[in-house]
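Just query_31.txt here, compact mmCIF, C-alpha atoms (C1' of nucleotides):
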```
# COMPACT_ATOMS: atom_id res chain seq x y z
CA MET O 25 -68.36 193.91 87.14
CA ARG O 26 -65.16 192.02 87.61
CA ARG O 27 -65.03 188.33 86.84
CA SER O 28 -63.99 187.27 90.31
CA GLU O 29 -66.95 189.13 91.82
CA ARG O 30 -69.32 187.56 89.33
CA LYS O 31 -68.03 184.14 90.29
CA THR O 32 -68.89 184.77 93.93
CA THR O 33 -72.22 186.59 93.61
CA ASP O 34 -73.65 184.44 90.83
CA PRO O 35 -71.53 181.29 90.88
CA ASP O 36 -71.80 178.83 88.04
CA LEU O 37 -72.46 175.12 88.42
CA GLY O 38 -68.79 174.36 88.78
CA VAL O 39 -68.24 176.74 91.64
CA LEU O 40 -71.44 175.61 93.33
CA THR O 41 -70.61 171.93 93.21
CA SER O 42 -67.04 172.57 94.19
CA THR O 43 -67.73 174.78 97.20
CA THR O 44 -70.53 172.52 98.38
CA LEU O 45 -68.52 169.34 98.09
CA PHE O 46 -65.59 171.01 99.76
CA ALA O 47 -67.59 172.28 102.71
CA LEU O 48 -69.56 169.08 103.02
CA GLN O 49 -66.42 167.02 103.23
CA LYS O 50 -64.90 169.34 105.76
CA GLU O 51 -67.88 169.14 108.08
CA LEU O 52 -68.20 165.40 107.59
CA PHE O 53 -64.65 164.69 108.67
CA ARG O 54 -64.70 167.19 111.47
CA THR O 55 -67.82 165.55 112.89
CA LEU O 56 -66.46 162.06 112.35
CA ALA O 57 -63.35 163.05 114.27
CA GLU O 58 -65.52 164.26 117.14
CA GLN O 59 -67.45 161.01 117.12
CA GLY O 60 -64.48 158.74 117.57
CA HIS O 61 -62.95 158.49 114.10
CA PRO O 62 -60.13 161.02 114.03
CA GLU O 63 -57.65 158.96 112.03
CA LEU O 64 -59.74 158.85 108.88
CA ARG O 65 -58.67 160.95 105.94
CA PRO O 66 -60.62 161.81 102.81
CA ARG O 67 -58.92 159.16 100.72
CA HIS O 68 -60.31 156.41 102.90
CA GLY O 69 -63.73 157.27 101.55
CA ALA O 70 -62.83 155.45 98.36
CA VAL O 71 -63.23 152.27 100.38
CA LEU O 72 -65.64 153.11 103.19
CA ASP O 73 -68.13 155.00 101.02
CA TYR O 74 -68.77 152.01 98.81
CA LEU O 75 -68.39 149.17 101.23
CA ASP O 76 -71.25 146.75 101.82
CA GLU O 77 -71.90 145.25 105.23
CA ASP O 78 -71.27 141.76 103.88
CA GLY O 79 -68.07 142.68 102.11
CA THR O 80 -66.91 143.95 98.74
CA ARG O 81 -64.05 142.97 96.46
CA ALA O 82 -61.15 145.34 96.04
CA THR O 83 -61.61 145.41 92.29
CA GLU O 84 -65.23 146.45 92.66
CA LEU O 85 -64.23 149.17 95.08
CA ALA O 86 -61.76 150.40 92.50
CA ALA O 87 -64.45 150.54 89.84
CA LEU O 88 -67.01 152.23 92.11
CA SER O 89 -64.64 154.83 93.47
CA GLY O 90 -62.74 155.49 90.27
CA ARG O 91 -59.42 154.62 91.88
CA HIS O 92 -56.72 152.22 90.78
CA LYS O 93 -56.53 148.79 92.29
CA GLN O 94 -53.18 149.78 93.69
CA VAL O 95 -54.65 152.70 95.60
CA ILE O 96 -57.43 150.55 97.00
CA GLY O 97 -54.85 148.05 98.15
CA THR O 98 -52.89 150.55 100.20
CA LEU O 99 -56.10 152.07 101.56
CA VAL O 100 -57.28 148.68 102.73
CA ASP O 101 -53.89 148.11 104.35
CA GLU O 102 -54.28 151.31 106.31
CA LEU O 103 -57.88 150.56 107.25
CA VAL O 104 -56.89 147.11 108.46
CA ASP O 105 -54.24 148.66 110.69
CA LEU O 106 -56.80 151.14 111.99
CA GLY O 107 -59.28 148.36 112.68
CA TYR O 108 -61.97 149.41 110.23
CA VAL O 109 -61.95 146.46 107.85
CA GLU O 110 -60.48 143.02 107.48
CA ARG O 111 -59.64 140.85 104.51
CA ARG O 112 -61.38 137.53 104.11
CA PRO O 113 -60.95 135.01 101.35
CA ASP O 114 -63.80 135.06 98.87
CA PRO O 115 -65.50 131.63 99.07
CA THR O 116 -66.46 131.80 95.41
CA ASP O 117 -63.05 132.80 94.03
CA ARG O 118 -59.78 131.94 95.65
CA ARG O 119 -57.97 134.75 93.87
CA ALA O 120 -60.20 137.38 95.40
CA LYS O 121 -60.42 138.73 98.91
CA LEU O 122 -63.48 140.32 100.39
CA VAL O 123 -63.01 143.59 102.22
CA VAL O 124 -65.38 143.30 105.17
CA PRO O 125 -66.09 146.07 107.68
CA THR O 126 -65.46 145.38 111.34
CA ALA O 127 -67.75 146.67 114.08
CA ARG O 128 -65.71 149.85 114.08
CA GLY O 129 -66.06 150.07 110.32
CA ARG O 130 -69.82 149.60 110.47
CA ASP O 131 -69.98 152.31 113.10
CA GLN O 132 -68.17 154.71 110.81
CA MET O 133 -70.41 153.83 107.88
CA ALA O 134 -73.58 154.44 109.88
CA ARG O 135 -72.27 157.69 111.32
CA SER O 136 -71.07 158.93 107.98
CA ASP O 137 -74.45 158.33 106.38
CA ALA O 138 -76.20 159.94 109.34
CA ILE O 139 -74.00 163.04 109.30
CA VAL O 140 -74.67 163.69 105.63
CA ALA O 141 -78.38 163.10 106.18
CA ALA O 142 -78.37 165.61 109.03
CA ILE O 143 -76.67 168.20 106.85
CA GLU O 144 -79.27 167.71 104.17
CA ARG O 145 -82.03 168.05 106.73
CA ARG O 146 -80.60 171.33 107.90
CA CYS O 147 -80.59 172.62 104.34
CA ALA O 148 -84.11 171.40 103.71
CA ASP O 149 -85.36 173.17 106.82
CA ARG O 150 -83.77 176.39 105.68
CA VAL O 151 -85.04 176.48 102.10
CA GLY O 152 -88.29 174.62 102.58
CA GLU O 153 -89.20 171.00 102.07
CA ASP O 154 -90.78 171.46 98.66
CA ASP O 155 -87.97 173.46 97.13
CA TYR O 156 -85.40 171.06 98.50
CA ALA O 157 -87.26 168.14 96.94
CA VAL O 158 -87.12 169.91 93.58
CA PHE O 159 -83.45 170.62 94.14
CA ARG O 160 -82.70 166.97 94.76
CA ARG O 161 -84.76 165.73 91.82
CA VAL O 162 -83.18 168.17 89.39
CA PHE O 163 -79.74 167.39 90.80
CA ARG O 164 -80.18 163.72 90.00
CA ALA O 165 -81.21 164.64 86.48
CA VAL O 166 -78.24 166.98 86.08
CA ALA O 167 -75.84 164.33 87.33
CA ALA O 168 -77.36 161.80 84.96
CA THR O 169 -77.16 164.21 82.05
CA LEU O 170 -73.51 164.94 82.63
CA ALA O 171 -72.57 161.35 83.34
CA ALA O 172 -74.15 160.31 80.07
CA THR O 173 -72.23 162.76 77.91
CA THR O 174 -68.90 162.11 79.53
CA SER O 175 -68.95 158.33 79.51
CA GLU O 176 -70.67 157.68 76.20
CA PRO O 177 -67.72 157.96 73.81
CA VAL O 178 -65.71 155.51 75.91
CA ALA O 179 -66.15 151.89 74.95
CA SER O 180 -63.05 150.14 76.23
CA SER O 181 -63.21 151.16 79.86
CA PRO O 182 -65.68 149.26 82.01
CA ALA O 183 -65.01 151.50 84.97
CA ARG O 184 -68.09 153.24 86.25
CA ARG O 185 -66.06 156.13 87.53
CA SER O 186 -68.34 157.38 90.19
CA ALA O 187 -67.01 159.54 92.94
CA SER O 188 -67.34 159.93 96.66
CA PRO O 189 -67.89 162.92 98.92
CA THR O 190 -64.77 162.13 100.91
CA ARG O 191 -62.19 162.40 98.26
CA MET O 192 -61.31 166.03 97.87
CA PRO O 193 -58.35 167.56 99.61
CA SER O 194 -59.11 169.88 102.46
CA GLY O 195 -58.17 173.52 102.36
CA PRO O 196 -54.87 175.01 103.39
CA ARG O 197 -54.32 177.87 105.76
CA THR O 198 -53.09 180.07 102.93
CA MET X 16 -81.06 146.64 99.79
CA ARG X 17 -77.30 146.81 99.89
CA ARG X 18 -75.59 150.03 100.77
CA SER X 19 -73.69 150.33 97.52
CA GLU X 20 -76.92 150.02 95.54
CA ARG X 21 -78.63 152.59 97.71
CA LYS X 22 -75.78 154.99 97.03
CA THR X 23 -76.34 154.72 93.29
CA THR X 24 -80.16 154.67 93.13
CA ASP X 25 -80.80 157.36 95.73
CA PRO X 26 -77.48 159.17 96.04
CA ASP X 27 -76.95 161.61 98.89
CA LEU X 28 -75.72 165.16 98.54
CA GLY X 29 -72.10 164.08 98.70
CA VAL X 30 -72.38 161.63 95.84
CA LEU X 31 -74.42 164.08 93.77
CA THR X 32 -71.97 166.93 94.12
CA SER X 33 -69.03 164.64 93.61
CA THR X 34 -70.27 162.94 90.46
CA THR X 35 -71.49 166.21 89.00
CA LEU X 36 -68.26 168.06 89.67
CA PHE X 37 -66.28 165.16 88.34
CA ALA X 38 -68.25 164.89 85.10
CA LEU X 39 -68.39 168.64 84.65
CA GLN X 40 -64.66 168.93 84.95
CA LYS X 41 -64.07 166.09 82.55
CA GLU X 42 -66.25 167.61 79.85
CA LEU X 43 -64.83 171.08 80.43
CA PHE X 44 -61.25 169.99 79.91
CA ARG X 45 -62.07 167.74 77.00
CA THR X 46 -63.79 170.64 75.25
CA LEU X 47 -61.05 173.08 76.14
CA ALA X 48 -58.51 170.70 74.62
CA GLU X 49 -60.55 170.59 71.42
CA GLN X 50 -60.68 174.37 71.33
CA GLY X 51 -56.95 174.93 71.44
CA HIS X 52 -56.03 174.53 75.09
CA PRO X 53 -54.77 170.97 75.43
CA GLU X 54 -51.95 171.65 77.89
CA LEU X 55 -54.19 172.82 80.70
CA ARG X 56 -54.71 170.53 83.63
CA PRO X 57 -57.30 170.78 86.39
CA ARG X 58 -54.93 172.36 88.86
CA HIS X 59 -54.45 175.38 86.62
CA GLY X 60 -58.03 176.28 87.38
CA ALA X 61 -56.93 177.53 90.79
CA VAL X 62 -55.45 180.48 88.90
CA LEU X 63 -57.48 180.81 85.72
CA ASP X 64 -60.87 180.37 87.38
CA TYR X 65 -60.40 183.38 89.62
CA LEU X 66 -58.32 185.63 87.43
CA ASP X 67 -59.56 189.10 86.55
CA GLU X 68 -58.90 190.65 83.17
CA ASP X 69 -56.90 193.45 84.79
CA GLY X 70 -54.85 191.17 86.98
CA THR X 71 -55.01 189.60 90.41
CA ARG X 72 -52.47 189.15 93.17
CA ALA X 73 -51.10 185.72 93.89
CA THR X 74 -52.17 185.95 97.51
CA GLU X 75 -55.73 186.72 96.52
CA LEU X 76 -55.75 183.81 94.12
CA ALA X 77 -54.60 181.61 96.98
CA ALA X 78 -57.44 182.83 99.19
CA LEU X 79 -60.07 182.49 96.46
CA SER X 80 -58.99 179.06 95.32
CA GLY X 81 -58.16 177.67 98.74
CA ARG X 82 -54.62 176.81 97.71
CA HIS X 83 -51.34 177.66 99.35
CA LYS X 84 -49.34 180.60 98.12
CA GLN X 85 -46.63 178.12 97.23
CA VAL X 86 -48.95 176.18 94.94
CA ILE X 87 -50.17 179.34 93.25
CA GLY X 88 -46.56 180.31 92.64
CA THR X 89 -45.70 177.13 90.79
CA LEU X 90 -48.98 177.24 88.87
CA VAL X 91 -48.23 180.77 87.72
CA ASP X 92 -44.76 179.63 86.67
CA GLU X 93 -46.29 176.95 84.48
CA LEU X 94 -48.92 179.28 83.06
CA VAL X 95 -46.23 181.84 82.22
CA ASP X 96 -44.32 179.16 80.32
CA LEU X 97 -47.50 178.15 78.50
CA GLY X 98 -48.24 181.75 77.60
CA TYR X 99 -51.46 182.18 79.55
CA VAL X 100 -50.42 184.81 82.07
CA GLU X 101 -47.59 187.16 82.87
CA ARG X 102 -46.31 188.73 86.06
CA ARG X 103 -46.31 192.50 86.41
CA PRO X 104 -45.26 194.59 89.35
CA ASP X 105 -48.18 195.95 91.31
CA PRO X 106 -48.01 199.76 91.07
CA THR X 107 -49.60 200.15 94.49
CA ASP X 108 -47.39 197.69 96.38
CA ARG X 109 -43.81 196.92 95.48
CA ARG X 110 -43.91 193.62 97.33
CA ALA X 111 -46.74 192.29 95.22
CA LYS X 112 -46.92 191.15 91.63
CA LEU X 113 -50.06 191.12 89.57
CA VAL X 114 -50.88 187.99 87.63
CA VAL X 115 -52.33 189.28 84.37
CA PRO X 116 -53.84 187.10 81.65
CA THR X 117 -52.41 187.34 78.15
CA ALA X 118 -54.55 187.21 75.03
CA ARG X 119 -54.31 183.44 75.18
CA GLY X 120 -55.31 183.50 78.83
CA ARG X 121 -58.30 185.70 78.13
CA ASP X 122 -59.33 183.33 75.35
CA GLN X 123 -59.26 180.42 77.77
CA MET X 124 -61.23 182.34 80.38
CA ALA X 125 -63.96 183.24 77.92
CA ARG X 126 -64.17 179.72 76.52
CA SER X 127 -64.21 178.15 79.94
CA ASP X 128 -67.09 180.32 81.08
CA ALA X 129 -68.95 179.64 77.83
CA ILE X 130 -68.51 175.88 78.06
CA VAL X 131 -69.91 175.74 81.58
CA ALA X 132 -72.77 177.99 80.56
CA ALA X 133 -73.59 175.69 77.64
CA ILE X 134 -73.62 172.67 79.92
CA GLU X 135 -76.00 174.43 82.26
CA ARG X 136 -78.22 175.35 79.34
CA ARG X 137 -78.39 171.73 78.26
CA CYS X 138 -79.47 170.72 81.75
CA ALA X 139 -82.04 173.51 81.95
CA ASP X 140 -83.54 172.43 78.64
CA ARG X 141 -83.86 168.89 79.88
CA VAL X 142 -85.48 169.53 83.25
CA GLY X 143 -87.35 172.70 82.37
CA GLU X 144 -86.49 176.33 82.90
CA ASP X 145 -88.54 176.78 86.06
CA ASP X 146 -87.24 173.73 87.88
CA TYR X 147 -83.69 174.57 86.95
CA ALA X 148 -84.12 178.06 88.35
CA VAL X 149 -85.29 176.56 91.63
CA PHE X 150 -82.35 174.16 91.55
CA ARG X 151 -79.89 176.99 91.16
CA ARG X 152 -81.48 179.15 93.83
CA VAL X 153 -81.58 176.33 96.36
CA PHE X 154 -78.04 175.34 95.45
CA ARG X 155 -76.77 178.81 96.29
CA ALA X 156 -78.58 178.60 99.63
CA VAL X 157 -77.15 175.16 100.33
CA ALA X 158 -73.64 176.30 99.49
CA ALA X 159 -74.08 179.34 101.72
CA THR X 160 -75.44 177.22 104.56
CA LEU X 161 -72.53 174.82 104.44
CA ALA X 162 -69.93 177.54 103.99
CA ALA X 163 -71.26 179.31 107.07
CA THR X 164 -71.08 176.30 109.37
CA THR X 165 -67.63 175.26 108.25
CA SER X 166 -65.95 178.65 108.50
CA GLU X 167 -67.72 180.06 111.54
CA PRO X 168 -65.72 178.43 114.32
CA VAL X 169 -62.48 179.59 112.74
CA ALA X 170 -61.42 183.08 113.73
CA SER X 171 -57.74 183.24 112.91
CA SER X 172 -57.90 182.26 109.27
CA PRO X 173 -58.89 184.99 106.83
CA ALA X 174 -58.94 182.59 103.93
CA ARG X 175 -62.23 182.47 102.12
CA ARG X 176 -61.69 178.89 101.05
CA SER X 177 -63.80 178.81 97.99
CA ALA X 178 -63.15 176.20 95.37
CA SER X 179 -63.01 175.84 91.62
CA PRO X 180 -64.59 173.40 89.20
CA THR X 181 -61.24 172.49 87.73
CA ARG X 182 -59.50 171.07 90.69
CA MET X 183 -60.44 167.44 91.01
CA PRO X 184 -58.29 164.65 89.61
CA SER X 185 -59.63 162.79 86.65
CA GLY X 186 -60.42 159.13 86.80
CA PRO X 187 -57.97 156.31 86.27
CA ARG X 188 -58.39 153.37 83.92
CA THR X 189 -58.82 150.96 86.82
C1' DT K 15 -37.72 209.37 111.99
C1' DC K 16 -37.30 204.87 113.84
C1' DT K 17 -39.05 200.71 115.44
C1' DT K 18 -42.28 196.93 115.54
C1' DG K 19 -45.22 193.88 113.44
C1' DA K 20 -47.53 192.28 109.53
C1' DT K 21 -47.78 191.03 104.49
C1' DC K 22 -46.04 189.50 99.70
C1' DG K 23 -43.81 186.31 97.03
C1' DT K 24 -40.33 182.82 96.94
C1' DC K 25 -37.03 178.84 98.21
C1' DA K 26 -36.19 174.39 100.07
C1' DA K 27 -37.39 170.01 102.11
C1' DT K 28 -40.59 166.72 103.21
C1' DG K 29 -44.74 164.06 103.14
C1' DA K 30 -48.83 162.48 100.88
C1' DT K 31 -50.96 160.77 96.93
C1' DC K 32 -51.36 158.87 92.28
C1' DA K 33 -50.01 156.31 87.93
C1' DT K 34 -47.81 152.57 85.46
C1' DG K 35 -46.02 148.10 84.26
C1' DA K 36 -44.84 143.67 85.71
C1' DC K 37 -45.71 139.61 88.39
C1' DT K 38 -48.01 135.36 90.85
C1' DA K 39 -51.97 132.73 91.78
C1' DG K 40 -56.18 131.37 90.44
C1' DA K 41 -60.22 131.00 87.14
C1' DT K 42 -62.41 130.00 82.56
C1' DG K 43 -63.41 127.98 78.24
C1' DG K 44 -62.14 124.98 74.66
C1' DC A 23 -54.00 120.24 78.91
C1' DC A 24 -53.57 124.88 77.12
C1' DA A 25 -54.37 129.71 76.08
C1' DT A 26 -56.40 133.52 77.97
C1' DC A 27 -58.35 136.28 81.27
C1' DT A 28 -58.93 138.20 86.00
C1' DA A 29 -57.71 139.46 91.19
C1' DG A 30 -54.50 141.29 94.06
C1' DT A 31 -49.76 142.72 95.05
C1' DC A 32 -44.96 144.73 94.37
C1' DA A 33 -41.87 148.22 92.88
C1' DT A 34 -40.87 152.59 91.01
C1' DG A 35 -41.32 157.16 89.26
C1' DA A 36 -44.21 161.16 88.86
C1' DT A 37 -47.30 164.54 90.60
C1' DC A 38 -49.05 167.30 94.11
C1' DA A 39 -49.63 169.40 98.81
C1' DT A 40 -47.73 171.02 103.27
C1' DT A 41 -44.65 173.34 106.22
C1' DG A 42 -41.17 176.53 107.83
C1' DA A 43 -38.18 179.95 106.72
C1' DC A 44 -36.36 184.04 104.33
C1' DG A 45 -35.59 189.01 102.19
C1' DA A 46 -38.21 192.76 100.69
C1' DT A 47 -41.79 195.84 101.52
C1' DC A 48 -45.63 198.11 103.81
C1' DA A 49 -48.24 200.19 107.69
C1' DA A 50 -48.89 202.03 112.27
C1' DG A 51 -47.26 204.03 116.39
C1' DA A 52 -43.65 205.98 119.71
```

Write-out of the structure in structure tokens:
Amino acid sequence: MRRSERKTTDPDLGVLTSTTLFALQKELFRTLAEQGHPELRPRHGAVLDYLDEDGTRATELAALSGRHKQVIGTLVDELVDLGYVERRPDPTDRRAKLVVPTARGRDQMARSDAIVAAIERRCADRVGEDDYAVFRRVFRAVAATLAATTSEPVASSPARRSASPTRMPSGPRT
Amino acid sequence: MRRSERKTTDPDLGVLTSTTLFALQKELFRTLAEQGHPELRPRHGAVLDYLDEDGTRATELAALSGRHKQVIGTLVDELVDLGYVERRPDPTDRRAKLVVPTARGRDQMARSDAIVAAIERRCADRVGEDDYAVFRRVFRAVAATLAATTSEPVASSPARRSASPTRMPSGPRT
DNA sequence: TCTTGATCGTCAATGATCATGACTAGATGG
DNA sequence: CCATCTAGTCATGATCATTGACGATCAAGA
């Protein structure tokens, strides 16, 4: 059997995570566009995916999303123009600014969470509630296992380096 | 509970796939670098991940990896310079060229597959063989479910739009 | 055979995204 | 008061993706 066939009939963990993340992101943004948020692109997830209702600092968003402060800055600029967030001075630190979602931003956050939840529900219905529960539990363990081995040898970097489902590029038309 | 905490304690499918893919890719390339392939970057996976031992067309690599033909072309250029692949005329079609792995390329392909397999084995040992089997089976079903819904409405695009584990950017130093 | 349309790989130009170092203002601890 | 650290921004270069076009070739039908 050829290698390319093997990768499609019995895909390894890399292919599985990649295809799933890719498809999930595509459906998420397509649905968001239908629900009134067509200007959002995957990169904006670095901010919106980790934003709290009462505001989050840009530096913390950088750490959570694994992006540079610089990138977060330009993303927040765009999201301010689009009306999703606004910058407020942090009362506890005059250097910092809190990135706070507007009503439109909170709407996107709620819809985004709901869309992903609906996708998961669809999968659970298809494979069965019990099996899907096992899937999710093992997945958390797998993610924890991998995160441990990749971040252990690093001591100087305090970045948590998580990732968000809205950060991969979408597919071309080949 | 704040949204950002919820995303870390009970992550949704998007966060799980994203963190796992991210960590998997990081470990894969770190190990590959240790085993004699330090020049490879994630983007090269669009070619090497889907390459067959007897050669594959650039257009097919584009379809399999979800990249543009243009991107595949420049990637193949780089991989030729690095000694991983070479271009040969396709005997059955004088327009096409087969991208064929060299000995060095085949070494990378074998090591890459082995590294991912070892990571999966480590996870299976931790969570138990049975649960991991369920995890993998459900994962294939989830990937198939999502792939179906995202590609169904499209009729004009023959691209298969798969994805590879070596395509995400690595994390910055914040 | 000749024509029409499609495909293969490539070139060129542009846009989008990321990485890096330096800088100002403010905080923190002695 | 002073040295040091942190938060956010600016500026710049590098990397990467997208798009349209092109010559060469193939495939199907008149």

* To do: With a distance threshold of 8 Å and counting only C-alpha atoms (C1' of nucleotides), extract the residues of chain X near chain A and express them as a count of residues only.
  => 4

* In Å, how far is it from CA of Ser42 (chain O) to CA of Thr32 (chain X)? ->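 These atoms are spaced 7.5 Å apart.
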
* Please, what distance in Å, to one decimal, runs between CA of Leu43 (chain X) and CA of Lys31 (chain O)? -> 16.7 Å

* To do: Residues of chain X no more than 9 Å from chain K, counting only C-alpha atoms (C1' of nucleotides): send them over as a list in words.
  => Ala73, Thr74, Lys84, Gln85, Gly88, Asp108, Arg109, Arg110, Ala111, Lys112 and Pro187 of chain X

* Distance of CA of Lys41 (chain X) from CA of Glu135 (chain X), expressed in Å to one decimal place -> 14.6 Å

* **Which of X:Asp128, X:Asp27, X:Glu68, X:Glu42 sits closest to Thr173 (chain O) [using all atoms listed in the file]** =>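 With all atoms listed in the file as the atom set, the closest residue is X:Glu42.
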
* With only C-alpha atoms as the atoms that count, which of X:Ile130, X:Val157, X:Leu47, X:Ala61 lies nearest to Gly81 (chain X)? ->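 Residue with the minimum atom-to-atom distance to Gly81 (chain X): X:Ala61.
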
* Check the smallest atom-to-atom distance from each of X:Glu93, X:Phe44, X:Leu161, X:Arg119 to Ala142 (chain O) using all atoms listed in the file, then report the winner. => X:Leu161

* Asked: Skipping near chain neighbours, those fewer than 3 positions away, what residues fall within 12 Å of Pro26 (chain X) using all atoms listed in the file, listed as a PyMOL selection string?
  -> (chain O and resi 73-74+137+140-141+144+160-161+163-165+167-168+186-189) or (chain X and resi 18-23+29-35)

Please produce a file of the residues just selected, as an mmCIF file, keeping the file's coordinate frame, where the atoms kept are C-alpha atoms.
```
data_model
loop_
_atom_site.group_PDB
_atom_site.id
_atom_site.type_symbol
_atom_site.label_atom_id
_atom_site.label_comp_id
_atom_site.auth_asym_id
_atom_site.auth_seq_id
_atom_site.Cartn_x
_atom_site.Cartn_y
_atom_site.Cartn_z
ATOM 1 C CA ASP O 73 -68.130 155.000 101.020
ATOM 2 C CA TYR O 74 -68.770 152.010 98.810
ATOM 3 C CA ASP O 137 -74.450 158.330 106.380
ATOM 4 C CA VAL O 140 -74.670 163.690 105.630
ATOM 5 C CA ALA O 141 -78.380 163.100 106.180
ATOM 6 C CA GLU O 144 -79.270 167.710 104.170
ATOM 7 C CA ARG O 160 -82.700 166.970 94.760
ATOM 8 C CA ARG O 161 -84.760 165.730 91.820
ATOM 9 C CA PHE O 163 -79.740 167.390 90.800
ATOM 10 C CA ARG O 164 -80.180 163.720 90.000
ATOM 11 C CA ALA O 165 -81.210 164.640 86.480
ATOM 12 C CA ALA O 167 -75.840 164.330 87.330
ATOM 13 C CA ALA O 168 -77.360 161.800 84.960
ATOM 14 C CA SER O 186 -68.340 157.380 90.190
ATOM 15 C CA ALA O 187 -67.010 159.540 92.940
ATOM 16 C CA SER O 188 -67.340 159.930 96.660
ATOM 17 C CA PRO O 189 -67.890 162.920 98.920
ATOM 18 C CA ARG X 18 -75.590 150.030 100.770
ATOM 19 C CA SER X 19 -73.690 150.330 97.520
ATOM 20 C CA GLU X 20 -76.920 150.020 95.540
ATOM 21 C CA ARG X 21 -78.630 152.590 97.710
ATOM 22 C CA LYS X 22 -75.780 154.990 97.030
ATOM 23 C CA THR X 23 -76.340 154.720 93.290
ATOM 24 C CA GLY X 29 -72.100 164.080 98.700
ATOM 25 C CA VAL X 30 -72.380 161.630 95.840
ATOM 26 C CA LEU X 31 -74.420 164.080 93.770
ATOM 27 C CA THR X 32 -71.970 166.930 94.120
ATOM 28 C CA SER X 33 -69.030 164.640 93.610
ATOM 29 C CA THR X 34 -70.270 162.940 90.460
ATOM 30 C CA THR X 35 -71.490 166.210 89.000
#
```
